[in-house]
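Data file: protein.txt. Format and content: compact mmCIF, C-alpha atoms.
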```txt
# COMPACT_ATOMS: atom_id res chain seq x y z
CA MET A 53 8.11 -20.10 52.76
CA GLY A 54 7.73 -19.61 49.04
CA LYS A 55 7.54 -22.34 46.46
CA ARG A 56 11.19 -21.94 45.55
CA GLY A 57 12.26 -22.63 49.12
CA ARG A 58 10.13 -25.78 49.35
CA ASP A 59 11.42 -27.16 46.06
CA ARG A 60 15.04 -26.77 46.97
CA GLN A 61 16.54 -29.87 48.47
CA ARG A 62 19.24 -29.60 51.06
CA LEU A 63 22.61 -30.56 49.67
CA ARG A 64 24.54 -33.13 51.67
CA ALA A 65 28.18 -33.96 51.44
CA PRO A 66 28.96 -37.57 50.68
CA SER A 67 30.05 -39.71 53.59
CA SER A 68 32.59 -42.52 53.85
CA ASP A 69 32.40 -45.68 55.96
CA TYR A 70 35.44 -47.20 57.66
CA ARG A 71 35.31 -50.65 59.28
CA ASP A 72 37.59 -52.01 61.97
CA ALA A 73 38.66 -55.63 62.45
CA HIS A 74 35.66 -56.24 64.75
CA GLY A 75 33.06 -55.06 62.20
CA ASN A 76 32.41 -51.69 63.85
CA THR A 77 31.83 -48.84 61.42
CA LEU A 78 32.79 -45.18 61.65
CA THR A 79 31.03 -42.89 59.13
CA LEU A 80 32.69 -39.57 58.32
CA ARG A 81 31.31 -36.65 56.36
CA GLY A 82 33.05 -35.53 53.21
CA SER A 83 32.99 -31.81 53.91
CA LEU A 84 34.73 -29.53 56.37
CA THR A 85 33.92 -25.83 56.37
CA PRO A 86 36.66 -23.20 56.20
CA ALA A 87 35.67 -22.04 59.70
CA ALA A 88 36.00 -25.59 61.07
CA ARG A 89 39.41 -25.91 59.40
CA ARG A 90 40.58 -22.68 61.07
CA GLU A 91 39.19 -23.75 64.45
CA TYR A 92 40.96 -27.11 64.14
CA ALA A 93 44.28 -25.48 63.16
CA GLN A 94 44.02 -23.12 66.16
CA ALA A 95 43.24 -26.01 68.50
CA LEU A 96 46.18 -28.00 67.16
CA ALA A 97 48.46 -24.99 67.64
CA GLY A 98 47.10 -24.41 71.17
CA THR A 99 45.74 -20.96 70.35
CA GLY A 100 42.25 -19.58 70.02
CA GLY A 101 39.29 -19.56 72.40
CA ARG A 102 40.28 -22.68 74.33
CA ALA A 103 43.98 -22.27 75.03
CA ALA A 104 45.61 -25.52 76.08
CA ALA A 105 47.90 -25.90 79.09
CA THR A 106 50.32 -28.22 77.30
CA ARG A 107 51.13 -29.42 73.81
CA GLU A 108 49.46 -32.76 74.67
CA ASP A 109 46.28 -30.93 75.75
CA ALA A 110 46.24 -29.03 72.45
CA TRP A 111 46.69 -32.25 70.49
CA GLN A 112 43.88 -34.02 72.40
CA ARG A 113 41.53 -31.05 71.90
CA ALA A 114 42.36 -30.96 68.18
CA VAL A 115 41.63 -34.69 67.81
CA GLU A 116 38.29 -34.30 69.58
CA LEU A 117 37.39 -31.26 67.51
CA LEU A 118 38.14 -33.07 64.24
CA PHE A 119 36.17 -36.08 65.50
CA GLU A 120 33.21 -33.81 66.36
CA ARG A 121 33.23 -32.12 62.96
CA LEU A 122 33.64 -35.22 60.80
CA VAL A 123 32.02 -38.23 62.48
CA VAL A 124 28.31 -38.60 61.77
CA ARG A 125 27.81 -42.19 62.92
CA TRP A 126 29.62 -44.88 64.85
CA GLU A 127 28.15 -48.36 64.81
CA ILE A 128 29.55 -50.60 67.55
CA ALA A 129 28.29 -54.18 67.92
CA ASP A 130 25.39 -53.36 65.55
CA GLU A 131 24.29 -50.45 67.78
CA PRO A 132 24.48 -47.11 65.93
CA ILE A 133 25.37 -43.87 67.68
CA THR A 134 24.36 -40.76 65.73
CA ARG A 135 23.91 -37.94 68.25
CA GLN A 136 26.90 -35.64 68.41
CA ARG A 137 27.08 -35.53 72.21
CA GLU A 138 26.87 -39.33 72.44
CA LEU A 139 29.50 -39.79 69.72
CA LEU A 140 31.97 -37.59 71.57
CA ALA A 141 31.20 -39.25 74.92
CA ARG A 142 31.79 -42.68 73.35
CA PHE A 143 35.06 -41.50 71.83
CA ARG A 144 36.23 -40.21 75.22
CA ALA A 145 35.31 -43.54 76.85
CA ALA A 146 36.89 -45.63 74.08
CA SER A 147 39.67 -48.06 74.77
CA PRO A 148 43.19 -47.04 73.70
CA GLU A 149 42.86 -49.46 70.76
CA GLU A 150 39.55 -47.89 69.63
CA ARG A 151 40.91 -44.35 69.98
CA SER A 152 44.00 -45.27 67.99
CA TRP A 153 41.85 -46.78 65.23
CA ALA A 154 39.60 -43.70 65.16
CA ARG A 155 42.66 -41.41 64.86
CA ASP A 156 44.00 -43.59 62.03
CA VAL A 157 40.63 -43.28 60.27
CA LEU A 158 40.68 -39.48 60.73
CA ARG A 159 44.20 -39.35 59.25
CA GLU A 160 43.22 -41.51 56.27
CA HIS A 161 40.03 -39.54 55.66
CA CYS A 162 41.79 -36.17 55.87
CA ALA A 163 44.57 -37.32 53.54
CA GLU A 164 41.98 -38.36 50.97
CA HIS A 165 39.40 -35.57 51.32
CA PHE A 166 41.23 -32.63 52.95
CA PRO A 167 44.92 -32.72 52.00
CA ASP A 168 45.36 -29.16 53.34
CA VAL A 169 44.38 -30.27 56.88
CA GLN A 170 47.22 -31.52 59.07
CA ALA A 171 45.65 -34.61 60.63
CA PRO A 172 46.48 -35.58 64.23
```
In structure tokens, how does this file's structure come out?
Amino acid sequence: MGKRGRDRQRLRAPSSDYRDAHGNTLTLRGSLTPAARREYAQALAGTGGRAAATREDAWQRAVELLFERLVVRWEIADEPITRQRELLARFRAASPEERSWARDVLREHCAEHFPDVQAP
């Protein structure tokens, strides 16, 4: 790699932290690519590569997809989770209260950072 390539620093989108009543923190990235926005819209509509059997299936897939694309860290009881596969597994195993809070955070974050994205 040439000198120019080494000198260039990788740009990172800012992230936002959201805390729940128990002190757990969800960190979301501040960028969402156009391709991810299209994929999310297709999932929400129940079209695209992973067609859903029902409207509820499409909604669940859309929530998970948005969670995958935006969440970079979830700290629960002072234990951080940062690997994408582990984050999604934890979300799927979350209590109804935790899932509801995470969806509320996704809605709030999208409203602030991505007003063109119809949050779940």
Given all atoms listed in the file, how would the per-residue table for stretch 66-128 of chain A near stretch 161-168 of chain A read, listing every residue at most 10 Å away with its closest atom pair and distance in Å to one decimal, sorted by chain and number, as a tab-separated table?
```
residue	atom	partner	partner_atom	distance
A:Ser68	CA	A:His161	CA	8.2
A:Asp69	CA	A:His161	CA	9.8
A:Tyr70	CA	A:His161	CA	9.2
A:Leu80	CA	A:His161	CA	7.8
A:Arg81	CA	A:His161	CA	9.2
A:Gly82	CA	A:His165	CA	6.6
A:Ser83	CA	A:His165	CA	7.9
A:Leu84	CA	A:Phe166	CA	8.0
A:Arg89	CA	A:Asp168	CA	9.1
A:Leu118	CA	A:Cys162	CA	9.6
A:Leu122	CA	A:His161	CA	9.3
```
Filtering to C-alpha atoms, could you give me those residues as a PDB file, keeping the file's coordinate frame?
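Written output follows (again-v3.pdb):
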```pdb
ATOM      1  CA  SER A  68      32.590 -42.520  53.850  1.00  0.00           C
ATOM      2  CA  ASP A  69      32.400 -45.680  55.960  1.00  0.00           C
ATOM      3  CA  TYR A  70      35.440 -47.200  57.660  1.00  0.00           C
ATOM      4  CA  LEU A  80      32.690 -39.570  58.320  1.00  0.00           C
ATOM      5  CA  ARG A  81      31.310 -36.650  56.360  1.00  0.00           C
ATOM      6  CA  GLY A  82      33.050 -35.530  53.210  1.00  0.00           C
ATOM      7  CA  SER A  83      32.990 -31.810  53.910  1.00  0.00           C
ATOM      8  CA  LEU A  84      34.730 -29.530  56.370  1.00  0.00           C
ATOM      9  CA  ARG A  89      39.410 -25.910  59.400  1.00  0.00           C
ATOM     10  CA  LEU A 118      38.140 -33.070  64.240  1.00  0.00           C
ATOM     11  CA  LEU A 122      33.640 -35.220  60.800  1.00  0.00           C
TER      12      LEU A 122
END
```
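Between A:Val124 and the candidates A:Ala73, A:Glu108, A:Thr79, A:Arg142, the tightest atom-to-atom separation, counting all atoms listed in the file, involves A:Thr79.
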One-decimal distance in Å that lies between atom CA of A:Leu117 and atom CA of A:Ala129
24.7 Å
Who sits within 12 Å of stretch 145-150 of chain A, only C-alpha atoms, same chain under 6 positions skipped, as a ChimeraX atom specification
/A:71-74,76-78,126,128,138-139,156-157
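Distance-wise, atom CA of A:Ala65 and atom CA of A:Gly98 end up 29.0 Å apart.
Taking atom CA of A:Ala114 and atom CA of A:Ala95 as the two end points, the separation is 5.0 Å.
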Ranking A:Gly75, A:Ser152, A:Arg90, A:Thr106 by minimum distance to A:Glu131 and counting only C-alpha atoms, which one comes first?
A:Gly75
Which residue gives the smallest distance to A:Ala87 among A:Arg137, A:Ala110, A:Arg121, A:Leu158, with all atoms listed in the file counted?
A:Arg121
